[in-house]
Amino acid sequence: MNKTIRRASALCLLLVLALLGRATYVQFYDGRALADNEHNRRTTIAQYAKPLGNIIVAGSSVTGSERTDSGDLAYKRTYTNGDLYSAVTGYSSQVYGATQLEGIYRDVLDGADPELKNPIDAVTGKQTSPGNVLTTIDPDVQKAAYQALGNKKGAAVAIDPASGKILGVVSTPSYDPSKISGTTDAAAWKQLTEDKDQPMLNRALRQALPPGSTFKLVVASAALEDGLYASVDTPTHSPNPYPLPGTSTALSNENASAPCKNANIRTALEYSCNNVFGKMAVDLGQDKVKAMAEKFGFNASKLDVPVRAAESVYPSTDYKSQTAQTGIGQFDVTATPLQMAMVSAALANDGVLIDPHMVSKVTDADGDTLKSFENPSSTRVVSSSTARQIRSAMRTVVDQGTGTNARISGVEVGGKTGTAQHGENNSKTPYAWFTSYGKDSATGKQVAVAVVVEDSGAERSEVSGNGLAAPIAQKMMAAALK
């Protein structure tokens, strides 16, 4: 064969092999990325070509699908009691994408997940019947929280301490995801995204705020675990007010007549004594307080329930005065309602924190389980003795201290109030917090909750954890334990 022809043939063969290689790469390696590209209209058409799978609460769907009147998107998402469950479901929009459970389980809900396919469907790429997402939400707890929050700006979370199941997730003001699920909802989207009250922000999971005095539970736990004090009834050595180290400022108490000088932990929690916990944090040292906070879940950058929660932060500082402020949940300490519910849940569960989760199962169209979350991981945070003593002090808070509005007749209830500073020099309305647990010895049921009220419209002097947040927690606990 002529040398020139051989070279031309070899070049052609190389070009053919290169084309085959590129086609193979696009088909088998790059295909998924192309299919998932937000600008790929065919993906959206396929997603809404038939009714979606559903998100289930207590055996009933809180989502649905509705036939559209025209266009190439045959169905759109609908929601039952959308305002009530938006902090759980998120939204699924033909234009703006999907969030929270709708986004995390999009492939299951539209039938594209490979686990839904049989071997033939997997090879052909055929879209199969969609699956469903079963949540752990208790509708009675959810409704109790939503109604109690009302027109307040705030959030609430309830957890079953023994299982880690999240029983309620509410954020207010809320919104109805149905209003942005179609292709002609630009006006509704603009209104929601420009609203200064941020109704689409999931305050329960995605917003961390200063937790105020509710953080004193963490400091008290650290003190008992470290042996700084033998019990919650051992007197502390705490001047009142407490001079912040290295400054000319003294840490005082909201109630000037409270018996906070040298108060034991029980009394200090009952009256929410800043001087005691500020000094306690300094005596322990930042590292020990931080270590305890992290056992409870602070500083975890990846807390998935399965929605990714915002990080709750215990900060680092070189100044003892700032460490003292962290002891009362100020300086740069932040926490989500989920995080503070986790604190109470661990204490209620004898010191063991069960990983919180709001999905129990993911199933196919026939109800067969694809993924189960029935056996979550757990971590021992504090000893059984420490948990028992802190619970005892928390009961004192509710029985005769700053948390009396959380009482439930015939039920063991313990809690801790918090009023956190907001704005420069505390210039804005403080945040009102309450975290608690409830146990019914007759039924064996238990629940842990956390509530934050950012703004209730109340006068500044009327803002308190007991006045605003505790009544909401009380209603949630009553609903969970009935």
# chains A, B, ... in the order shown; residues from 1 in each chain; ligands from 1
$ residues_around --residues "Ile45 (chain A)" --least-positions-apart "4" --cutoff "8 Å" --atoms "only C-alpha atoms" --output "ChimeraX atom specification"
/A:41,49,72-74
$ closest_atom_pairs --of "region 386-451 of chain A" --to "region 149-157 of chain A" --cutoff "8 Å" --atoms "only C-alpha atoms" --output "JSON lines"
{"residue": "A:Val449", "atom": "CA", "partner": "A:Val157", "partner_atom": "CA", "distance": 5.6}
{"residue": "A:Ala450", "atom": "CA", "partner": "A:Val157", "partner_atom": "CA", "distance": 5.5}
{"residue": "A:Val451", "atom": "CA", "partner": "A:Ala156", "partner_atom": "CA", "distance": 4.4}
$ atom_distance --atom1 "CA of Arg203 (chain A)" --atom2 "CA of Cys273 (chain A)"
27.9 Å
$ residues_around --residues "region 435-437 of chain A" --least-positions-apart "4" --cutoff "8 Å" --atoms "only C-alpha atoms" --output "MDAnalysis selection string"
chainID A and resid 214 340:341 344:345 348 394 413:417 446:451 470 473 477
$ write_last_selection --atoms "N, CA, C and O atoms" --output "short mmCIF file (atom, residue, chain, number, x, y, z; two decimals), in the first residue's frame"
data_model
loop_
_atom_site.label_atom_id
_atom_site.label_comp_id
_atom_site.auth_asym_id
_atom_site.auth_seq_id
_atom_site.Cartn_x
_atom_site.Cartn_y
_atom_site.Cartn_z
N THR A 214 -30.76 30.24 77.54
CA THR A 214 -30.96 28.80 77.31
C THR A 214 -29.61 28.08 77.23
O THR A 214 -29.52 26.89 77.52
N MET A 340 -31.14 24.00 70.01
CA MET A 340 -31.56 24.09 71.41
C MET A 340 -32.54 22.99 71.77
O MET A 340 -32.59 22.55 72.93
N ALA A 341 -33.32 22.50 70.80
CA ALA A 341 -34.16 21.32 71.05
C ALA A 341 -33.28 20.10 71.27
O ALA A 341 -33.61 19.22 72.09
N SER A 344 -32.06 19.97 74.95
CA SER A 344 -33.08 19.43 75.87
C SER A 344 -33.33 17.95 75.61
O SER A 344 -33.58 17.18 76.54
N ALA A 345 -33.26 17.53 74.34
CA ALA A 345 -33.50 16.13 74.00
C ALA A 345 -32.44 15.23 74.61
O ALA A 345 -32.75 14.16 75.16
N ALA A 348 -33.03 15.01 78.33
CA ALA A 348 -34.22 14.20 78.61
C ALA A 348 -33.96 12.73 78.39
O ALA A 348 -34.56 11.87 79.06
N MET A 394 -34.05 21.93 85.87
CA MET A 394 -34.98 22.45 84.86
C MET A 394 -36.43 22.37 85.35
O MET A 394 -37.25 23.24 85.05
N VAL A 413 -42.35 18.39 83.58
CA VAL A 413 -41.86 19.38 82.61
C VAL A 413 -40.68 20.13 83.20
O VAL A 413 -40.72 20.59 84.35
N GLY A 414 -39.62 20.22 82.44
CA GLY A 414 -38.47 21.02 82.82
C GLY A 414 -38.08 21.93 81.68
O GLY A 414 -38.28 21.58 80.51
N GLY A 415 -37.56 23.10 81.99
CA GLY A 415 -37.24 24.03 80.90
C GLY A 415 -36.24 25.09 81.30
O GLY A 415 -35.78 25.15 82.45
N LYS A 416 -35.93 25.93 80.35
CA LYS A 416 -35.05 27.08 80.60
C LYS A 416 -35.44 28.20 79.66
O LYS A 416 -35.58 28.01 78.45
N THR A 417 -35.62 29.38 80.24
CA THR A 417 -35.94 30.58 79.47
C THR A 417 -34.68 31.25 78.98
O THR A 417 -33.58 31.00 79.47
N GLN A 446 -42.48 11.13 75.62
CA GLN A 446 -41.65 12.27 75.99
C GLN A 446 -41.39 13.13 74.76
O GLN A 446 -41.51 12.67 73.63
N VAL A 447 -41.02 14.37 75.00
CA VAL A 447 -40.77 15.30 73.91
C VAL A 447 -39.82 16.39 74.39
O VAL A 447 -39.79 16.71 75.59
N ALA A 448 -39.02 16.90 73.48
CA ALA A 448 -38.15 18.05 73.76
C ALA A 448 -38.47 19.13 72.73
O ALA A 448 -38.69 18.81 71.56
N VAL A 449 -38.51 20.37 73.16
CA VAL A 449 -38.87 21.45 72.24
C VAL A 449 -37.94 22.64 72.43
O VAL A 449 -37.28 22.79 73.46
N ALA A 450 -37.91 23.49 71.42
CA ALA A 450 -37.26 24.79 71.53
C ALA A 450 -38.07 25.77 70.70
O ALA A 450 -38.53 25.44 69.60
N VAL A 451 -38.23 26.95 71.25
CA VAL A 451 -39.02 28.01 70.60
C VAL A 451 -38.24 29.31 70.68
O VAL A 451 -37.64 29.63 71.71
N ALA A 470 -42.49 30.31 76.19
CA ALA A 470 -42.92 29.16 77.01
C ALA A 470 -44.35 28.71 76.71
O ALA A 470 -44.62 27.51 76.65
N ALA A 473 -44.23 26.51 73.65
CA ALA A 473 -43.64 25.21 73.98
C ALA A 473 -44.64 24.35 74.75
O ALA A 473 -44.73 23.13 74.52
N MET A 477 -45.78 20.61 73.64
CA MET A 477 -45.57 19.45 74.49
C MET A 477 -46.88 18.74 74.81
O MET A 477 -46.97 17.50 74.78
#
$ residues_around --residues "Tyr319 (chain A)" --least-positions-apart "5" --cutoff "12 Å" --atoms "only C-alpha atoms" --output "PyMOL selection string"
chain A and resi 244-247+281-282+285-286+324-326+331
$ closest_atom_pairs --of "region 214-319 of chain A" --to "region 98-118 of chain A" --cutoff "9 Å" --atoms "only C-alpha atoms" --output "Markdown table"
| residue | atom | partner | partner_atom | distance |
| --- | --- | --- | --- | --- |
| A:Pro306 | CA | A:Leu101 | CA | 7.7 |
| A:Val307 | CA | A:Gln100 | CA | 5.6 |
| A:Arg308 | CA | A:Gln100 | CA | 8.3 |
$ atom_distance --atom1 "CA of Ala223 (chain A)" --atom2 "CA of Phe296 (chain A)"
14.5 Å
$ atom_distance --atom1 "CA of Asp197 (chain A)" --atom2 "CA of Ser171 (chain A)"
11.3 Å
$ residues_around --residues "Pro259 (chain A)" --least-positions-apart "3" --cutoff "8 Å" --atoms "only C-alpha atoms" --output "list in words"
Ala263, Thr267 and Tyr271 of chain A
$ write_last_selection --atoms "all heavy atoms" --output "PDB file, in the first residue's frame"
ATOM      1  N   ALA A 263     -24.987  31.598  94.381  1.00  0.00           N
ATOM      2  CA  ALA A 263     -26.110  30.678  94.184  1.00  0.00           C
ATOM      3  C   ALA A 263     -25.639  29.346  93.621  1.00  0.00           C
ATOM      4  O   ALA A 263     -24.685  29.289  92.841  1.00  0.00           O
ATOM      5  CB  ALA A 263     -27.133  31.310  93.246  1.00  0.00           C
ATOM      6  N   THR A 267     -30.559  27.128  91.792  1.00  0.00           N
ATOM      7  CA  THR A 267     -31.082  28.490  91.999  1.00  0.00           C
ATOM      8  C   THR A 267     -30.686  29.406  90.854  1.00  0.00           C
ATOM      9  O   THR A 267     -31.478  30.245  90.416  1.00  0.00           O
ATOM     10  CB  THR A 267     -30.556  29.056  93.330  1.00  0.00           C
ATOM     11  OG1 THR A 267     -30.995  28.220  94.406  1.00  0.00           O
ATOM     12  CG2 THR A 267     -31.060  30.479  93.558  1.00  0.00           C
ATOM     13  N   TYR A 271     -33.473  31.419  88.676  1.00  0.00           N
ATOM     14  CA  TYR A 271     -33.533  32.873  88.566  1.00  0.00           C
ATOM     15  C   TYR A 271     -32.738  33.402  87.373  1.00  0.00           C
ATOM     16  O   TYR A 271     -32.659  34.604  87.167  1.00  0.00           O
ATOM     17  CB  TYR A 271     -33.013  33.524  89.856  1.00  0.00           C
ATOM     18  CG  TYR A 271     -33.941  33.363  91.036  1.00  0.00           C
ATOM     19  CD1 TYR A 271     -33.790  32.292  91.914  1.00  0.00           C
ATOM     20  CD2 TYR A 271     -34.982  34.255  91.253  1.00  0.00           C
ATOM     21  CE1 TYR A 271     -34.644  32.125  92.995  1.00  0.00           C
ATOM     22  CE2 TYR A 271     -35.838  34.108  92.339  1.00  0.00           C
ATOM     23  CZ  TYR A 271     -35.674  33.035  93.198  1.00  0.00           C
ATOM     24  OH  TYR A 271     -36.527  32.877  94.267  1.00  0.00           O
TER      25      TYR A 271
END
